[in-house]
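Quick look at query-v3.txt (compact mmCIF, C-alpha atoms and all ligand atoms):
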# COMPACT_ATOMS: atom_id res chain seq x y z
CA MET K 1 0.00 0.00 0.00
CA ARG K 2 1.27 3.43 -0.90
CA LYS K 3 1.75 5.71 2.08
CA VAL K 4 0.63 9.29 1.75
CA SER K 5 2.45 11.21 4.44
CA LEU K 6 1.28 14.45 5.93
CA TYR K 7 4.53 16.15 5.08
CA GLU K 8 7.79 15.42 3.27
CA PRO K 9 10.29 18.13 2.42
CA ASP K 10 11.47 18.40 -1.19
CA LEU K 11 15.27 18.54 -0.94
CA SER K 12 16.06 17.77 -4.55
CA GLY K 13 17.72 21.05 -5.56
CA ASN K 14 21.03 22.53 -4.42
CA GLU K 15 20.58 21.30 -0.86
CA LEU K 16 23.06 18.45 -1.26
CA PRO K 17 25.86 20.31 -3.10
CA TYR K 18 25.63 23.26 -0.68
CA VAL K 19 25.86 20.97 2.36
CA VAL K 20 28.79 19.13 0.79
CA ASP K 21 30.42 22.53 0.29
CA CYS K 22 30.06 23.23 4.04
CA LEU K 23 31.66 19.89 4.88
CA THR K 24 34.52 20.10 2.42
CA SER K 25 35.28 23.70 3.41
CA THR K 26 34.88 22.77 7.13
CA TRP K 27 32.57 25.79 7.65
CA ILE K 28 29.97 23.78 9.53
CA SER K 29 29.38 25.95 12.58
CA SER K 30 27.70 29.33 12.84
CA ASN K 31 30.18 31.31 10.81
CA GLY K 32 30.28 30.87 7.09
CA GLU K 33 28.90 32.51 4.01
CA TYR K 34 25.57 30.68 3.75
CA ILE K 35 24.12 32.38 6.83
CA GLY K 36 24.33 35.90 5.39
CA LYS K 37 23.19 34.69 1.97
CA PHE K 38 20.17 32.89 3.42
CA GLU K 39 19.25 35.92 5.54
CA ARG K 40 19.50 38.22 2.49
CA ALA K 41 17.44 35.92 0.25
CA PHE K 42 14.79 35.58 2.94
CA ALA K 43 14.58 39.32 3.66
CA ASP K 44 14.27 40.02 -0.06
CA PHE K 45 11.51 37.45 -0.51
CA VAL K 46 9.31 38.70 2.33
CA GLY K 47 10.19 42.36 1.69
CA SER K 48 11.74 43.22 5.04
CA ALA K 49 14.90 45.26 5.57
CA HIS K 50 16.51 42.74 7.94
CA ALA K 51 16.40 39.02 8.64
CA VAL K 52 18.17 37.29 11.54
CA ALA K 53 18.58 33.51 11.30
CA VAL K 54 18.26 31.42 14.47
CA CYS K 55 18.27 27.75 15.39
CA ASN K 56 14.49 27.18 15.50
CA GLY K 57 11.14 28.94 15.31
CA THR K 58 10.54 28.78 19.06
CA VAL K 59 13.69 30.69 19.95
CA ALA K 60 12.88 33.13 17.14
CA LEU K 61 9.83 34.09 19.23
CA HIS K 62 11.84 34.21 22.46
CA LEU K 63 14.52 36.35 20.83
CA ALA K 64 11.92 38.75 19.41
CA LEU K 65 10.16 39.17 22.77
CA SER K 66 13.53 39.61 24.51
CA ALA K 67 14.77 42.23 22.04
CA LEU K 68 11.51 44.15 22.52
CA ASP K 69 12.01 44.05 26.31
CA LEU K 70 8.70 42.36 27.00
CA GLY K 71 8.64 40.68 30.37
CA PRO K 72 7.18 40.61 33.88
CA GLY K 73 4.13 42.81 34.35
CA ASP K 74 3.39 42.93 30.60
CA GLU K 75 0.29 41.38 29.09
CA ILE K 76 0.51 40.05 25.56
CA ILE K 77 -2.67 39.14 23.71
CA VAL K 78 -2.26 35.85 21.84
CA PRO K 79 -4.72 33.37 20.29
CA THR K 80 -5.57 30.36 22.42
CA PHE K 81 -5.85 28.40 19.17
CA THR K 82 -2.18 28.22 18.16
CA TYR K 83 0.86 26.00 18.38
CA ILE K 84 2.01 26.06 22.00
CA ALA K 85 5.36 27.77 21.33
CA SER K 86 3.65 31.15 20.72
CA VAL K 87 2.23 31.07 24.24
CA ASN K 88 5.16 29.39 25.99
CA MET K 89 7.67 31.99 24.86
CA ILE K 90 5.50 34.76 26.33
CA ALA K 91 5.40 32.85 29.63
CA LEU K 92 9.14 32.09 29.48
CA ARG K 93 9.79 35.84 29.31
CA GLY K 94 7.77 36.23 32.53
CA ALA K 95 5.06 38.12 30.66
CA THR K 96 1.38 37.15 30.85
CA PRO K 97 -0.36 35.55 27.88
CA VAL K 98 -3.94 36.80 27.58
CA PHE K 99 -5.96 34.45 25.41
CA ALA K 100 -8.09 35.72 22.53
CA ASP K 101 -10.75 33.75 20.73
CA CYS K 102 -10.37 33.50 16.95
CA ASN K 103 -12.70 34.32 14.08
CA LYS K 104 -15.18 31.57 13.30
CA ASP K 105 -14.45 31.52 9.57
CA THR K 106 -10.72 32.34 9.27
CA TRP K 107 -9.58 30.59 12.50
CA VAL K 108 -7.19 33.46 13.30
CA ILE K 109 -7.60 36.44 15.64
CA GLY K 110 -9.27 39.69 14.61
CA ARG K 111 -9.80 43.14 16.01
CA ALA K 112 -13.06 42.59 17.92
CA ASP K 113 -11.85 39.69 20.05
CA VAL K 114 -8.50 41.36 20.72
CA GLU K 115 -9.77 44.85 21.52
CA ARG K 116 -11.95 43.77 24.44
CA LEU K 117 -8.92 42.22 26.18
CA ILE K 118 -6.79 45.38 26.22
CA THR K 119 -5.96 46.64 29.72
CA PRO K 120 -3.50 49.29 30.98
CA ARG K 121 -0.91 46.48 31.24
CA THR K 122 -1.24 45.30 27.63
CA ARG K 123 1.98 45.90 25.71
CA ALA K 124 1.68 43.76 22.60
CA ILE K 125 -0.55 41.75 20.30
CA MET K 126 0.90 38.52 18.94
CA ALA K 127 -0.86 37.67 15.69
CA VAL K 128 -0.45 34.03 14.64
CA HIS K 129 -1.20 33.00 11.06
CA LEU K 130 -2.28 29.35 11.05
CA TYR K 131 -2.33 26.65 8.36
CA GLY K 132 -2.27 29.15 5.48
CA GLY K 133 -4.75 31.60 6.95
CA VAL K 134 -3.68 35.20 7.54
CA CYS K 135 -4.94 37.61 10.20
CA ASP K 136 -6.47 40.88 8.99
CA LEU K 137 -3.18 42.67 9.42
CA ALA K 138 -4.52 46.05 8.37
CA GLU K 139 -7.05 46.10 11.21
CA LEU K 140 -4.63 44.63 13.78
CA ARG K 141 -1.96 47.14 12.82
CA ALA K 142 -4.48 49.97 13.09
CA LEU K 143 -5.61 48.75 16.52
CA ALA K 144 -2.00 48.42 17.75
CA ASP K 145 -1.19 51.94 16.53
CA GLU K 146 -4.33 53.47 18.07
CA ARG K 147 -3.63 51.91 21.45
CA GLY K 148 0.16 52.29 21.47
CA LEU K 149 0.82 48.52 21.38
CA LEU K 150 3.48 46.47 19.64
CA LEU K 151 2.36 44.10 16.90
CA ILE K 152 4.40 40.89 16.71
CA GLU K 153 3.65 38.18 14.17
CA ASP K 154 4.24 34.47 14.59
CA ALA K 155 4.44 33.75 10.87
CA SER K 156 5.97 30.29 11.34
CA GLU K 157 3.30 28.77 9.09
CA ALA K 158 2.94 31.76 6.80
CA LEU K 159 5.82 31.79 4.35
CA GLY K 160 4.29 32.80 1.01
CA CYS K 161 1.30 34.45 2.74
CA SER K 162 0.37 38.08 2.38
CA TRP K 163 -2.39 40.51 3.28
CA SER K 164 -3.10 43.22 0.67
CA GLY K 165 0.14 42.32 -1.09
CA ARG K 166 2.37 42.78 1.96
CA HIS K 167 3.99 39.64 3.31
CA ALA K 168 2.92 38.22 6.68
CA GLY K 169 5.54 38.90 9.33
CA THR K 170 6.38 42.39 8.03
CA TRP K 171 3.40 44.35 9.39
CA GLY K 172 4.54 45.00 12.95
CA ALA K 173 7.67 45.45 15.03
CA CYS K 174 8.91 42.04 13.95
CA GLY K 175 7.80 38.68 12.61
CA THR K 176 9.10 35.16 13.13
CA PHE K 177 9.31 32.07 10.92
CA SER K 178 10.08 28.37 11.47
CA PHE K 179 12.00 25.98 9.23
CA TYR K 180 11.11 22.74 10.97
CA GLY K 181 10.95 19.71 8.65
CA ASN K 182 7.23 20.05 7.91
CA LYS K 183 7.20 23.79 7.27
CA THR K 184 6.99 25.42 3.83
CA ILE K 185 10.78 25.51 3.65
CA THR K 186 13.02 23.58 6.02
CA THR K 187 16.57 23.73 7.31
CA GLY K 188 16.10 20.66 9.55
CA GLU K 189 15.61 22.89 12.56
CA GLY K 190 15.73 26.62 12.06
CA GLY K 191 13.99 29.94 12.34
CA MET K 192 14.14 33.61 11.34
CA VAL K 193 13.18 36.96 12.81
CA VAL K 194 12.45 39.75 10.31
CA THR K 195 12.16 43.46 11.01
CA ASN K 196 12.38 46.81 9.23
CA ASP K 197 13.95 48.45 12.28
CA ALA K 198 17.77 48.59 12.02
CA ALA K 199 18.27 49.14 15.77
CA LEU K 200 16.03 46.19 16.59
CA ALA K 201 17.92 44.02 14.07
CA ASP K 202 21.20 44.93 15.81
CA ARG K 203 19.71 44.00 19.18
CA LEU K 204 18.43 40.68 17.80
CA ARG K 205 21.93 39.88 16.51
CA LEU K 206 23.50 40.88 19.79
CA LEU K 207 21.17 38.72 21.90
CA ARG K 208 21.47 35.81 19.44
CA ASN K 209 25.21 35.79 20.13
CA GLN K 210 25.49 35.84 23.95
CA GLY K 211 25.07 39.62 24.18
CA GLN K 212 28.62 39.95 22.93
CA HIS K 213 29.82 43.38 21.85
CA SER K 214 30.06 43.40 18.05
CA ALA K 215 33.63 44.73 18.03
CA ARG K 216 35.04 43.50 21.33
CA ARG K 217 35.30 39.75 21.76
CA TYR K 218 34.29 38.20 25.07
CA TRP K 219 32.93 41.50 26.25
CA HIS K 220 29.23 40.95 26.93
CA VAL K 221 27.09 44.04 27.16
CA GLU K 222 23.97 42.22 28.25
CA LEU K 223 22.51 38.85 29.06
CA GLY K 224 22.06 36.98 25.80
CA PHE K 225 21.68 33.52 24.33
CA ASN K 226 23.26 31.18 21.83
CA TYR K 227 20.44 31.06 19.28
CA ARG K 228 22.74 30.95 16.23
CA MET K 229 21.95 28.95 13.10
CA THR K 230 24.64 26.69 11.65
CA ASN K 231 26.12 27.28 8.21
CA ILE K 232 24.89 23.80 7.23
CA ALA K 233 21.31 24.68 8.09
CA ALA K 234 21.64 28.00 6.24
CA ALA K 235 23.05 26.16 3.20
CA ILE K 236 19.89 24.02 3.09
CA GLY K 237 17.80 27.15 3.63
CA LEU K 238 19.43 29.00 0.74
CA ALA K 239 18.82 26.05 -1.57
CA GLN K 240 15.18 25.94 -0.42
CA MET K 241 14.78 29.68 -1.08
CA GLU K 242 15.97 29.18 -4.66
CA ARG K 243 13.04 26.84 -5.19
CA LEU K 244 10.44 28.55 -3.03
CA PRO K 245 8.33 29.97 -5.90
CA GLY K 246 7.95 26.48 -7.37
CA LEU K 247 7.17 24.91 -3.99
CA LEU K 248 4.48 27.52 -3.34
CA GLN K 249 2.99 27.08 -6.79
CA ARG K 250 2.62 23.35 -6.18
CA LYS K 251 1.20 23.82 -2.68
CA ARG K 252 -1.38 26.28 -3.99
CA ALA K 253 -2.38 23.86 -6.73
CA ILE K 254 -2.79 21.07 -4.17
CA ALA K 255 -4.99 23.27 -1.95
CA ALA K 256 -7.10 24.31 -4.94
CA ARG K 257 -7.59 20.67 -5.89
CA TYR K 258 -8.68 19.77 -2.34
CA ARG K 259 -11.19 22.61 -2.38
CA GLU K 260 -12.57 21.59 -5.74
CA ARG K 261 -12.91 17.89 -4.80
CA LEU K 262 -14.34 18.47 -1.34
CA GLN K 263 -16.59 21.47 -1.92
CA GLN K 264 -19.77 19.42 -2.47
CA HIS K 265 -19.18 17.51 0.74
CA ASP K 266 -19.91 18.09 4.36
CA VAL K 267 -16.65 19.75 5.40
CA GLN K 268 -15.84 23.37 6.15
CA PHE K 269 -12.76 25.15 4.74
CA GLN K 270 -10.70 27.90 6.34
CA ALA K 271 -12.01 31.15 4.81
CA ARG K 272 -9.68 33.19 2.64
CA PRO K 273 -10.71 36.87 2.60
CA ALA K 274 -10.03 38.67 -0.69
CA ALA K 275 -6.96 40.46 0.73
CA VAL K 276 -5.22 37.13 1.42
CA GLU K 277 -2.73 35.43 -0.79
CA SER K 278 -1.96 32.12 0.91
CA GLY K 279 1.11 29.93 0.95
CA GLU K 280 -1.30 27.05 1.77
CA TRP K 281 0.97 25.49 4.36
CA LEU K 282 -1.30 22.71 5.60
CA PHE K 283 -4.71 22.02 4.09
CA THR K 284 -7.14 21.72 6.98
CA VAL K 285 -10.91 21.16 7.15
CA LEU K 286 -13.54 21.05 9.88
CA LEU K 287 -15.53 17.81 9.96
CA PRO K 288 -19.25 17.83 10.72
CA ASP K 289 -19.69 18.21 14.48
CA HIS K 290 -21.46 14.87 14.97
CA LEU K 291 -18.55 12.88 13.50
CA ASP K 292 -15.96 11.14 15.65
CA ARG K 293 -12.76 12.77 14.39
CA ASP K 294 -10.55 10.01 15.78
CA ALA K 295 -12.56 7.40 13.88
CA VAL K 296 -12.18 9.33 10.62
CA MET K 297 -8.42 9.73 11.17
CA ALA K 298 -8.10 6.03 12.03
CA HIS K 299 -9.95 5.14 8.83
CA LEU K 300 -7.59 7.32 6.78
CA GLY K 301 -4.64 5.73 8.59
CA GLU K 302 -5.82 2.25 7.59
CA CYS K 303 -5.77 3.46 3.99
CA GLY K 304 -2.15 4.61 4.39
CA ILE K 305 -3.07 8.28 4.66
CA GLU K 306 -1.56 10.33 7.44
CA SER K 307 -3.62 13.16 8.92
CA ARG K 308 -3.46 15.17 12.11
CA PRO K 309 -5.91 16.91 14.43
CA THR K 310 -5.96 20.69 14.83
CA PHE K 311 -4.18 22.15 17.88
CA TYR K 312 -5.68 21.95 21.35
CA CYS K 313 -6.54 25.32 22.87
CA ALA K 314 -3.73 26.67 25.05
CA HIS K 315 -6.16 27.91 27.70
CA HIS K 316 -7.07 24.27 28.40
CA MET K 317 -3.49 23.13 29.02
CA PRO K 318 -2.35 22.51 32.60
CA MET K 319 0.17 25.38 32.64
CA TYR K 320 -2.41 27.95 31.57
CA GLU K 321 -5.69 26.48 32.69
CA THR K 322 -8.26 29.22 32.88
CA ARG K 323 -11.97 29.21 33.23
CA TYR K 324 -12.90 31.38 30.33
CA ALA K 325 -14.83 29.90 27.48
CA LEU K 326 -13.42 30.68 24.06
CA PRO K 327 -16.08 28.84 22.10
CA LYS K 328 -15.04 29.52 18.50
CA SER K 329 -11.50 28.30 19.14
CA GLU K 330 -12.76 25.30 21.09
CA GLU K 331 -14.98 24.25 18.22
CA ILE K 332 -12.24 24.54 15.58
CA SER K 333 -9.87 22.67 17.87
CA ARG K 334 -12.43 19.86 18.25
CA ARG K 335 -13.50 19.49 14.62
CA GLY K 336 -10.40 20.11 12.51
CA ILE K 337 -8.13 17.73 10.64
CA SER K 338 -5.14 18.55 8.48
CA LEU K 339 -4.54 16.58 5.29
CA PRO K 340 -1.33 15.74 3.39
CA SER K 341 -0.05 18.99 1.89
CA HIS K 342 3.55 18.59 0.78
CA PRO K 343 4.81 19.61 -2.67
CA LEU K 344 5.75 16.05 -3.72
CA LEU K 345 2.10 14.88 -3.68
CA SER K 346 0.70 13.96 -7.08
CA ASP K 347 -2.81 14.91 -8.21
CA ASP K 348 -3.69 11.23 -7.82
CA ASP K 349 -2.54 11.31 -4.18
CA VAL K 350 -4.81 14.29 -3.51
CA ASP K 351 -7.74 12.55 -5.22
CA GLU K 352 -7.11 9.40 -3.18
CA VAL K 353 -7.11 11.40 0.08
CA CYS K 354 -10.38 13.10 -0.96
CA ASN K 355 -12.08 9.83 -1.93
CA ARG K 356 -11.09 8.15 1.32
CA LEU K 357 -12.16 11.14 3.38
CA ILE K 358 -15.51 11.37 1.61
CA SER K 359 -16.11 7.65 2.13
CA ALA K 360 -15.09 7.88 5.82
CA ILE K 361 -17.53 10.74 6.38
CA GLY K 362 -20.26 8.87 4.49
CA GLN K 363 -19.71 5.59 6.31
CA TYR K 364 -19.63 7.16 9.68
CA THR K 365 -22.70 9.27 9.03
CA ALA K 366 -24.54 6.17 7.70
CA GLY K 367 -23.39 4.20 10.75
CA GLN K 368 -24.79 6.85 13.03
CA ALA K 369 -28.10 6.83 11.17
CA ALA K 370 -28.27 3.02 11.33
CA ARG K 371 -27.60 3.05 15.03
CA VAL K 372 -30.32 5.59 15.54
CA ARG K 373 -32.76 3.56 13.42
CA PHE K 374 -32.11 0.20 15.11
CA ALA K 375 -31.70 1.48 18.64
C1 LIG B 401 6.25 25.47 13.94
C2 LIG B 401 5.70 26.58 14.76
C3 LIG B 401 6.44 27.21 15.77
C4 LIG B 401 7.76 26.73 16.29
O1 LIG B 401 8.70 26.42 15.42
P1 LIG B 401 9.88 25.35 15.74
O2 LIG B 401 10.82 25.65 14.63
O3 LIG B 401 9.28 24.00 15.70
O4 LIG B 401 10.46 25.69 17.07
C5 LIG B 401 5.88 28.31 16.41
N1 LIG B 401 4.65 28.74 16.12
C6 LIG B 401 3.90 28.15 15.18
C7 LIG B 401 2.54 28.70 14.90
C8 LIG B 401 4.38 27.04 14.49
O5 LIG B 401 3.61 26.44 13.58

Could you express the structure from this file as structure tokens?
Amino acid sequence: MRKVSLYEPDLSGNELPYVVDCLTSTWISSNGEYIGKFERAFADFVGSAHAVAVCNGTVALHLALSALDLGPGDEIIVPTFTYIASVNMIALRGATPVFADCNKDTWVIGRADVERLITPRTRAIMAVHLYGGVCDLAELRALADERGLLLIEDASEALGCSWSGRHAGTWGACGTFSFYGNKTITTGEGGMVVTNDAALADRLRLLRNQGQHSARRYWHVELGFNYRMTNIAAAIGLAQMERLPGLLQRKRAIAARYRERLQQHDVQFQARPAAVESGEWLFTVLLPDHLDRDAVMAHLGECGIESRPTFYCAHHMPMYETRYALPKSEEISRRGISLPSHPLLSDDDVDEVCNRLISAIGQYTAGQAARVRFA
């Protein structure tokens, strides 16, 4: 049986020769020419003045929050429906995550749900763009400006995504990206912080490298970290950037095919407002509420198709447990499944996933009806 995996990176370009170049030249650590080249290519692609490469997407968030001096006593508004790193890095800084519900149709946060959470202690809004969806960055930027707040974007899943033609991650003080193996481009592990602010870029670089003075070795002007990316990782990243337009084109075609094949069926798609151009990171649908999601995923698994459930809400996790109800996020968290979305999928693979999903939904719905009838 053919296995259709949720994600596989396409490493068939210059990844291998560039890595071999690192090994043969012995530039395998965090000096070396690929780091600057990867940062430049990335900044140019997203349209930011500066890009600072780091060793994963989680520390990209921690570095950004650190460089912006966010910490104890500060409240940061963040979606509860997100990957846990967005929330954890706020808590690790000693700041307080304040959980916002998301929009019912786009699954990302918007102005109304954020605005009502602003208090005198609020310092920042962390917008997270999930699965290929993009927050309304024009309205969030306007809200942040009106209320004197920082806008930070966790754009880990949003490479190739823009709002009104401006790339996600470039609308606020800074934006972060992840290059984990299942992200739109990968470096194995890796991340990036982008900003248009030269002083902030300098501070990010300083903190990335142990707070070491840029001209005076072993003189540390403040408490920093080792969040550096290796030249090997950057070499893979540069090769991935060379092929990014093609990867995005394929991912968009896959998403369009899913939408076309599934539109007559009982699943709900993530809405794409007209201002959004999506990089279609991970194609995700909401199943009908009466269906047992685990049963549908198990059925797909038996057919060799990997899928995954949407994130749990952070406000339900033991570290953050709160009593508020955030019903739109809770529903999306309960009903969503992500389908195989990597650029190496063939059209036949996508059709196979759709057929199996449609039959799983049909079987399970029929089973429910039968049980009701014969009860
Ligand atoms: C992947 C991801 C991260 C973390 O990235 P890592 O590189 O795995 O540390 C953070 N936020 C979101 C929304 C992500 O999807």

Subject >> Top pick for closest residue to ligand LIG 401 (chain B), considering K:Ile185, K:Ala112, K:Leu149, K:Leu92 and counting only C-alpha atoms and all ligand atoms >> reply: K:Ile185

**OP:** Please provide the set of residues having any atom within 6 Å of range 37-39 of chain K, restricted to only C-alpha atoms, with same-chain residues fewer than 4 positions apart removed, written as a VMD selection string.
**Re:** chain K and resid 51 234 238

Output C-alpha atoms for every residue in the selection just made, as a PDB file, in the coordinates of the input.
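Result went into out.pdb, see below:
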ATOM      1  CA  ALA K  51      16.400  39.020   8.640  1.00  0.00           C
ATOM      2  CA  ALA K 234      21.640  28.000   6.240  1.00  0.00           C
ATOM      3  CA  LEU K 238      19.430  29.000   0.740  1.00  0.00           C
TER       4      LEU K 238
END

Original post:
What is the distance, in Å and to one decimal place, between CA of His62 in chain K and CA of Ile28 in chain K?
Top reply: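 About the pair CA of His62 in chain K and CA of Ile28 in chain K: they are 24.6 Å apart.
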
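The two atoms in question, CA of Gly57 in chain K and CA of Glu139 in chain K, are spaced 25.3 Å apart.
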
Original post:
Would you name the residues within 6 Å of ligand LIG 401 (chain B), counting all atoms listed in the file, and put them as an MDAnalysis selection string?
Top reply: chainID K and resid 56:58 82:83 85:86 154 156:157 178:180 189:191

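Note that the spacing between CA of Leu117 in chain K and CA of Leu326 in chain K amounts to 12.6 Å.
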
Determine, using all atoms listed in the file, which residues of range 42-117 of chain K have any atom at most 12 Å from an atom of range 274-287 of chain K, and tabulate each with its shortest atom pair and distance in Å to one decimal place, rows ordered by chain and then rising number, as a tab-separated table.
residue	atom	partner	partner_atom	distance
K:Lys104	CA	K:Leu286	CA	11.2
K:Asp105	CA	K:Leu286	CA	10.5
K:Thr106	CA	K:Val276	CA	10.7
K:Trp107	CA	K:Leu286	CA	10.7

Subject >> Among listed residues K:Ala325, K:Met126, K:Asn14, K:Thr365, nearest Leu140 in chain K (using all atoms listed in the file) >> reply: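 Closest residue, counting all atoms listed in the file: K:Met126.
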
**OP:** Tell me, as a ChimeraX atom specification, which residues lie within 7 Å of range 29-33 of chain K, counting all atoms listed in the file; anything in the same chain fewer than 5 positions away does not count.
**Re:** /K:228-231

Original post:
If you count all atoms listed in the file, which residues fall within 9 Å of Ala314 in chain K, apart from same-chain ones fewer than 3 positions away, as an NGL selection string?
Top reply: :K and (79-84 or 87 or 99 or 311 or 317-321)

**OP:** Rank nothing, just name the residue among K:Asp101, K:Asp197, K:Asp44, K:Glu146 nearest to Met241 in chain K, using only C-alpha atoms.
**Re:**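 Of all the options, K:Asp44 lies closest to Met241 in chain K.
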
Subject >> Contacts of range 251-256 of chain K within 12 Å, only C-alpha atoms, excl. fewer than 4 positions in-chain, as a ChimeraX atom specification >> reply: /K:7,9-10,131-132,159-161,183-185,244-247,260-263,269-270,272,277-285,338-351,353-354
